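Contents: one structure, followed by commentary.
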2 protein chains.
Amino acid sequence: MTGVESATTRSTRGRRERLRAETTAEIKDVALALMASGGPDAITLRAIAREMGMTANAIYGYFATRDDLVTALIDDVYTALADAVDAAWAATPADPPATRIRAWARAFRDWALGNPEGFRLIYGDPVPGYRAPEGGAAPDAAHRVCTGLAGLADAAWPHAGPRHADHGPESPGFDWSDFDPGLLAKVRPAYPDLPPAGVALALRIWGSLHGTVSLEVYGHLSRQTVSPGKLFDQELGALVRSLGLNG
Amino acid sequence: MTGVESATTRSTRGRRERLRAETTAEIKDVALALMASGGPDAITLRAIAREMGMTANAIYGYFATRDDLVTALIDDVYTALADAVDAAWAATPADPPATRIRAWARAFRDWALGNPEGFRLIYGDPVPGYRAPEGGAAPDAAHRVCTGLAGLADAAWPHAGPRHADHGPESPGFDWSDFDPGLLAKVRPAYPDLPPAGVALALRIWGSLHGTVSLEVYGHLSRQTVSPGKLFDQELGALVRSLGLNG
DNA sequence: TGCGAAACTATACGGCGTGAAGTTTTGATA
DNA sequence: TATCAAAACTTCACGCCGTATAGTTTCGCA
């Protein structure tokens with residue numbers, strides 16, 4: 001009987017946990033759907049509960065606070081973004097580097113334009129009064145994205161290094177201590193030949209891409225040009241050229 | 001008597017309008033103060049009214065809705081940003097162009113770091129549920145900022161033109177019809193020699209600067225590096241170099 | 001002095017996050 | 001199979017929000 005009992009115990013306990021996980025997932029799914037249809041502000045506990053046929057307070061059994069729910073959403077969405085760009089990276093041959101860089105950048109932009117609300121959730125003021133917590137999956141996903149960028153920098157470094165090495169009186173030069181240890185823990189093992197200035201280059205590439213895409217997602221570019229796509233292609237060309245890749 | 005009467009009328013009418021203007025200004029000042037201390041979400045009609053010893057509904061005599069107030073704030077703040085970068089431009093000699101470009105870019109970043117909430121108000125999701133209206137001072141200020149950027153591009157165009165002229169199978173080339181007429185109405189008279197590709201270059205410079213500054217203002221850079229200033233200087237160096245200015 | 005408009009208040013509605021307390025459901029156990 | 005504790009969920013309440021409507025005060029002007 002012990003065997004049967006323990007099996008029953010295990011299965012029922014598993015059932016409870018499974019139901020709980022399903023409800024948790026449903027809450028997040030509904031929240032994402034609300035966000036997709038009405039923007040990040042549409043994520044309200046009451047609206048989610050309404051959609052699920054529950055009371056708003058029932059959600060407190062799954063998330064201690066609305067901010068915790070938003071944090072979980074950010075974690076998921078940021079992870080999805082990291083997956084998307086990593087996939088584009090993996091799906092493109094390493095040679096020529098320019099092609100791979102273009103693929104990565106286009107994946108970044110495509111994801112952002114395809115998930116504008118998600119982009120806002122990650123990189124904007126997510127939701128009224130929200131403040132990001134310390135740990136979680138989001139910083140990890142951010143490091144993954146930056147590591148991907150470091151891959152771009154690493155691929156281009158043989159050509160770009162000479163151009164982007166620290167020089168000039170206004171450029172003090174970079175050291176490992178300039179960067180977050182958690183980021184370096186990912187980057188350095190993956191790209192052992194990349195110097196600190198190369199990591200800095202990766203972050204600057206991030207800035208360029210983020211700026212163009214961000215202006216576009218938030219609708220600022222569309223008030224200046226009707227061809228943001230062209231602009232992005234030009235930006236990519238300039239980026240590749242500035243990396244000495246002539247691609 | 002007529003003279004006296006008309007003088008009285010004028011003065012009292014002036015008085016009414018002055019009081020009204022003062023109250024309007026106070027509402028905006030309090031709103032900006034609340035935003036500075038608690039972020040854009042702290043801008044609530046009730047909080048403003050509390051601060052002013054009024055009822056929330058009294059504000060409706062000055063702004064038809066909360067969004068109208070936010071729009072007015074955005075107009076003011078965006079205009080202040082445009083003033084700041086224009087002033088930096090005006091205060092720097094035209095030669096060498098690299099120095100002027102650095103000054104403009106630094107003014108942009110300094111303003112953003114000094115007014116992070118204002119930056120978020122302009123470029124982020126300003127406030128829950130807010131949607132920007134069509135006209136107003138904000139688009140005008142945006143055009144002023146872009147015109148300033150066009151000035152950077154124009155100053156560098158003799159050197160940068162050959163590098164950034166349309167070329168390559170992936171760069172279709174720009175035409176005047178690619179850009180907003182309102183923007184061109186400002187840019188073309190100011191810089192008659194700048195071709196469409198130069199305007200595109202200006203927008204791309206905007207993207208680069210916006211990206212770096214935006215990541216910094218929203219706290220994403222600080223999770224990767226402890227030296228965002230260094231990074232920005234490097235970015236400036238790369239920008240100047242990519243413009244062929246060797247500055 | 002009194003009129004009319006402008007400025008402001010009072011009250012109310014629905015929606016929000018969330019805390020406290022109560023109720024139902026559910027799975028293990030004796 | 002009856003029981004019991006814990007988990008899931010509801011109810012009620014509070015204070016916040018924007019805003020609509022109606023009523024009141026203030027004040028320049030004729």
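Lettering and numbering for the structure tokens are positional, with chains as A, B, ... in the shown order, residues counted from 1 in each chain, and ligands counted from 1 in the shown order.
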
Excluding same-chain residues fewer than 5 positions from D:DA22, what lies within 12 Å of it counting only C-alpha atoms (C1' of nucleotides), as a VMD selection string? chain C and resid 9 to 12

Taking the DSSP assignment computed from this structure's backbone, write out as number ranges by chain all residues of stretch 23-147 of chain A that belong to alpha helix (DSSP H). A: 23-38, 45-52, 66-90, 97-114, 116-123, 137-147

Could I get the residues of chain B with an atom no further than 8 Å from an atom of chain C, each paired with its nearest atom pair and that distance in Å to one decimal, using only C-alpha atoms (C1' of nucleotides), sorted by chain and residue number, as CSV?
residue,atom,partner,partner_atom,distance
B:Thr55,CA,C:DT9,C1',7.0
B:Ala58,CA,C:DC8,C1',5.8
B:Gly61,CA,C:DA7,C1',7.6

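Minimum atom-to-atom distance to chain B, evaluated using only C-alpha atoms, belongs to A:Asp41 out of A:Asp41, A:Pro162, A:Pro97, A:Asp154.
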
So that each row is one residue of chain D with an atom at most 8 Å from chain B, can you give its shortest atom pair and the distance in Å to one decimal, using only C-alpha atoms (C1' of nucleotides), rows by chain and rising number, as JSON lines?
{"residue": "D:DC17", "atom": "C1'", "partner": "B:Thr44", "partner_atom": "CA", "distance": 7.7}
{"residue": "D:DG18", "atom": "C1'", "partner": "B:Arg66", "partner_atom": "CA", "distance": 7.7}
{"residue": "D:DG28", "atom": "C1'", "partner": "B:Thr12", "partner_atom": "CA", "distance": 7.2}

Prev. selection, N, CA and C atoms (P, O5', C5', C4', C3', O3' and C1' of nucleotides), output as a PDB file, in the first residue's frame:
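File result.pdb, as written:
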ATOM      1  P    DC D  17      -4.826  61.131  -5.518  1.00  0.00           P
ATOM      2  O5'  DC D  17      -5.492  60.643  -6.881  1.00  0.00           O
ATOM      3  C5'  DC D  17      -4.701  59.906  -7.806  1.00  0.00           C
ATOM      4  C4'  DC D  17      -5.568  59.363  -8.924  1.00  0.00           C
ATOM      5  C3'  DC D  17      -6.384  60.399  -9.669  1.00  0.00           C
ATOM      6  O3'  DC D  17      -5.576  60.996 -10.663  1.00  0.00           O
ATOM      7  C1'  DC D  17      -7.691  58.444  -9.235  1.00  0.00           C
ATOM      8  P    DG D  18      -5.985  62.390 -11.243  1.00  0.00           P
ATOM      9  O5'  DG D  18      -7.164  61.971 -12.247  1.00  0.00           O
ATOM     10  C5'  DG D  18      -6.834  61.237 -13.421  1.00  0.00           C
ATOM     11  C4'  DG D  18      -8.078  61.039 -14.264  1.00  0.00           C
ATOM     12  C3'  DG D  18      -8.672  62.330 -14.843  1.00  0.00           C
ATOM     13  O3'  DG D  18      -9.142  62.078 -16.156  1.00  0.00           O
ATOM     14  C1'  DG D  18     -10.265  61.294 -13.433  1.00  0.00           C
ATOM     15  P    DG D  28     -12.227  92.656  -9.037  1.00  0.00           P
ATOM     16  O5'  DG D  28     -12.264  93.188 -10.538  1.00  0.00           O
ATOM     17  C5'  DG D  28     -12.088  92.252 -11.606  1.00  0.00           C
ATOM     18  C4'  DG D  28     -13.076  92.516 -12.734  1.00  0.00           C
ATOM     19  C3'  DG D  28     -13.142  93.963 -13.208  1.00  0.00           C
ATOM     20  O3'  DG D  28     -13.304  93.987 -14.611  1.00  0.00           O
ATOM     21  C1'  DG D  28     -15.270  93.301 -12.435  1.00  0.00           C
TER      22       DG D  28
END

Within 9 Å of stretch 119-124 of chain B, counting only C-alpha atoms (C1' of nucleotides), which residues show up once you throw out same-chain ones fewer than 3 positions away? Write them as a compact mmCIF listing (two decimals) with N, CA, C and O atoms, in the first residue's frame, please.
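Result went into part_12.txt, see below:
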# COMPACT_ATOMS: atom_id res chain seq x y z
N ARG A 120 8.03 48.50 -24.99
CA ARG A 120 7.79 49.55 -24.00
C ARG A 120 7.87 49.01 -22.59
O ARG A 120 8.37 49.66 -21.67
N GLY A 124 10.72 51.03 -21.38
CA GLY A 124 10.11 52.30 -21.02
C GLY A 124 9.70 52.34 -19.57
O GLY A 124 10.13 51.51 -18.76
N ASP A 125 8.90 53.33 -19.22
CA ASP A 125 8.22 53.30 -17.94
C ASP A 125 7.18 52.23 -18.08
O ASP A 125 6.19 52.41 -18.80
N SER A 214 13.86 52.64 -30.75
CA SER A 214 13.03 53.26 -29.72
C SER A 214 12.28 54.46 -30.27
O SER A 214 11.07 54.62 -30.03
N LEU A 215 12.96 55.31 -31.01
CA LEU A 215 12.27 56.45 -31.62
C LEU A 215 11.14 55.98 -32.51
O LEU A 215 10.06 56.58 -32.55
N TYR A 218 8.15 54.44 -30.37
CA TYR A 218 7.39 55.45 -29.64
C TYR A 218 6.78 56.50 -30.56
O TYR A 218 6.20 57.48 -30.10
N HIS A 220 8.16 58.70 -32.57
CA HIS A 220 8.81 59.99 -32.79
C HIS A 220 9.40 60.09 -34.19
O HIS A 220 9.43 61.16 -34.78
N GLY B 39 8.10 61.40 -10.23
CA GLY B 39 7.94 60.81 -11.56
C GLY B 39 6.67 61.27 -12.23
O GLY B 39 5.80 61.87 -11.59
N PRO B 40 6.55 60.98 -13.51
CA PRO B 40 5.38 61.42 -14.28
C PRO B 40 4.06 60.94 -13.68
O PRO B 40 3.05 61.61 -13.82
N VAL B 70 -1.09 67.53 -19.41
CA VAL B 70 0.14 66.82 -19.75
C VAL B 70 0.69 67.31 -21.08
O VAL B 70 1.90 67.50 -21.24
N LEU B 73 2.44 70.46 -20.53
CA LEU B 73 3.74 70.21 -19.89
C LEU B 73 4.75 69.72 -20.91
O LEU B 73 5.90 70.17 -20.94
N ILE B 74 4.33 68.78 -21.75
CA ILE B 74 5.23 68.25 -22.77
C ILE B 74 5.70 69.39 -23.68
O ILE B 74 6.88 69.49 -24.01
N ASP B 75 4.75 70.25 -24.06
CA ASP B 75 5.12 71.38 -24.90
C ASP B 75 6.21 72.20 -24.22
O ASP B 75 7.24 72.52 -24.83
N VAL B 77 8.26 71.42 -21.75
CA VAL B 77 9.51 70.71 -21.49
C VAL B 77 10.29 70.48 -22.78
O VAL B 77 11.51 70.65 -22.82
N TYR B 78 9.54 70.11 -23.82
CA TYR B 78 10.23 69.87 -25.10
C TYR B 78 10.84 71.18 -25.60
O TYR B 78 11.96 71.21 -26.15
N LEU B 81 14.02 71.76 -23.81
CA LEU B 81 15.10 70.95 -24.37
C LEU B 81 15.63 71.57 -25.66
O LEU B 81 16.85 71.71 -25.85
N TRP B 111 21.14 67.84 -20.58
CA TRP B 111 19.76 68.20 -20.28
C TRP B 111 18.98 66.96 -19.87
O TRP B 111 18.22 66.99 -18.90
N ALA B 112 19.19 65.88 -20.58
CA ALA B 112 18.44 64.66 -20.27
C ALA B 112 18.77 64.15 -18.87
O ALA B 112 17.87 63.78 -18.11
N LEU B 113 20.05 64.15 -18.51
CA LEU B 113 20.42 63.65 -17.19
C LEU B 113 19.98 64.61 -16.11
O LEU B 113 19.70 64.20 -14.98
N ASN B 115 17.27 66.46 -16.34
CA ASN B 115 15.80 66.45 -16.33
C ASN B 115 15.28 65.10 -16.76
O ASN B 115 14.54 64.99 -17.74
N PRO B 116 15.66 64.07 -16.01
CA PRO B 116 15.29 62.72 -16.47
C PRO B 116 13.78 62.54 -16.57
O PRO B 116 13.30 61.89 -17.51
N VAL B 127 2.44 59.08 -19.36
CA VAL B 127 1.56 59.00 -18.22
C VAL B 127 0.46 58.03 -18.63
O VAL B 127 0.18 57.89 -19.81
N ALA B 138 4.89 70.79 -29.12
CA ALA B 138 5.82 69.67 -29.05
C ALA B 138 6.35 69.26 -30.43
O ALA B 138 7.56 69.13 -30.60
N SER B 214 18.95 57.49 -23.77
CA SER B 214 17.74 56.85 -23.30
C SER B 214 18.06 55.64 -22.43
O SER B 214 17.47 55.45 -21.35
N VAL B 217 19.16 57.11 -19.12
CA VAL B 217 18.11 57.73 -18.31
C VAL B 217 17.19 56.67 -17.71
O VAL B 217 16.75 56.79 -16.57
N TYR B 218 16.91 55.64 -18.46
CA TYR B 218 16.01 54.60 -17.97
C TYR B 218 16.72 53.54 -17.12
O TYR B 218 16.13 52.55 -16.72

Shortest interatomic distance to chain A - which of B:Pro195, B:Pro189, B:Gly53, B:Gly135, counting only C-alpha atoms: B:Gly135
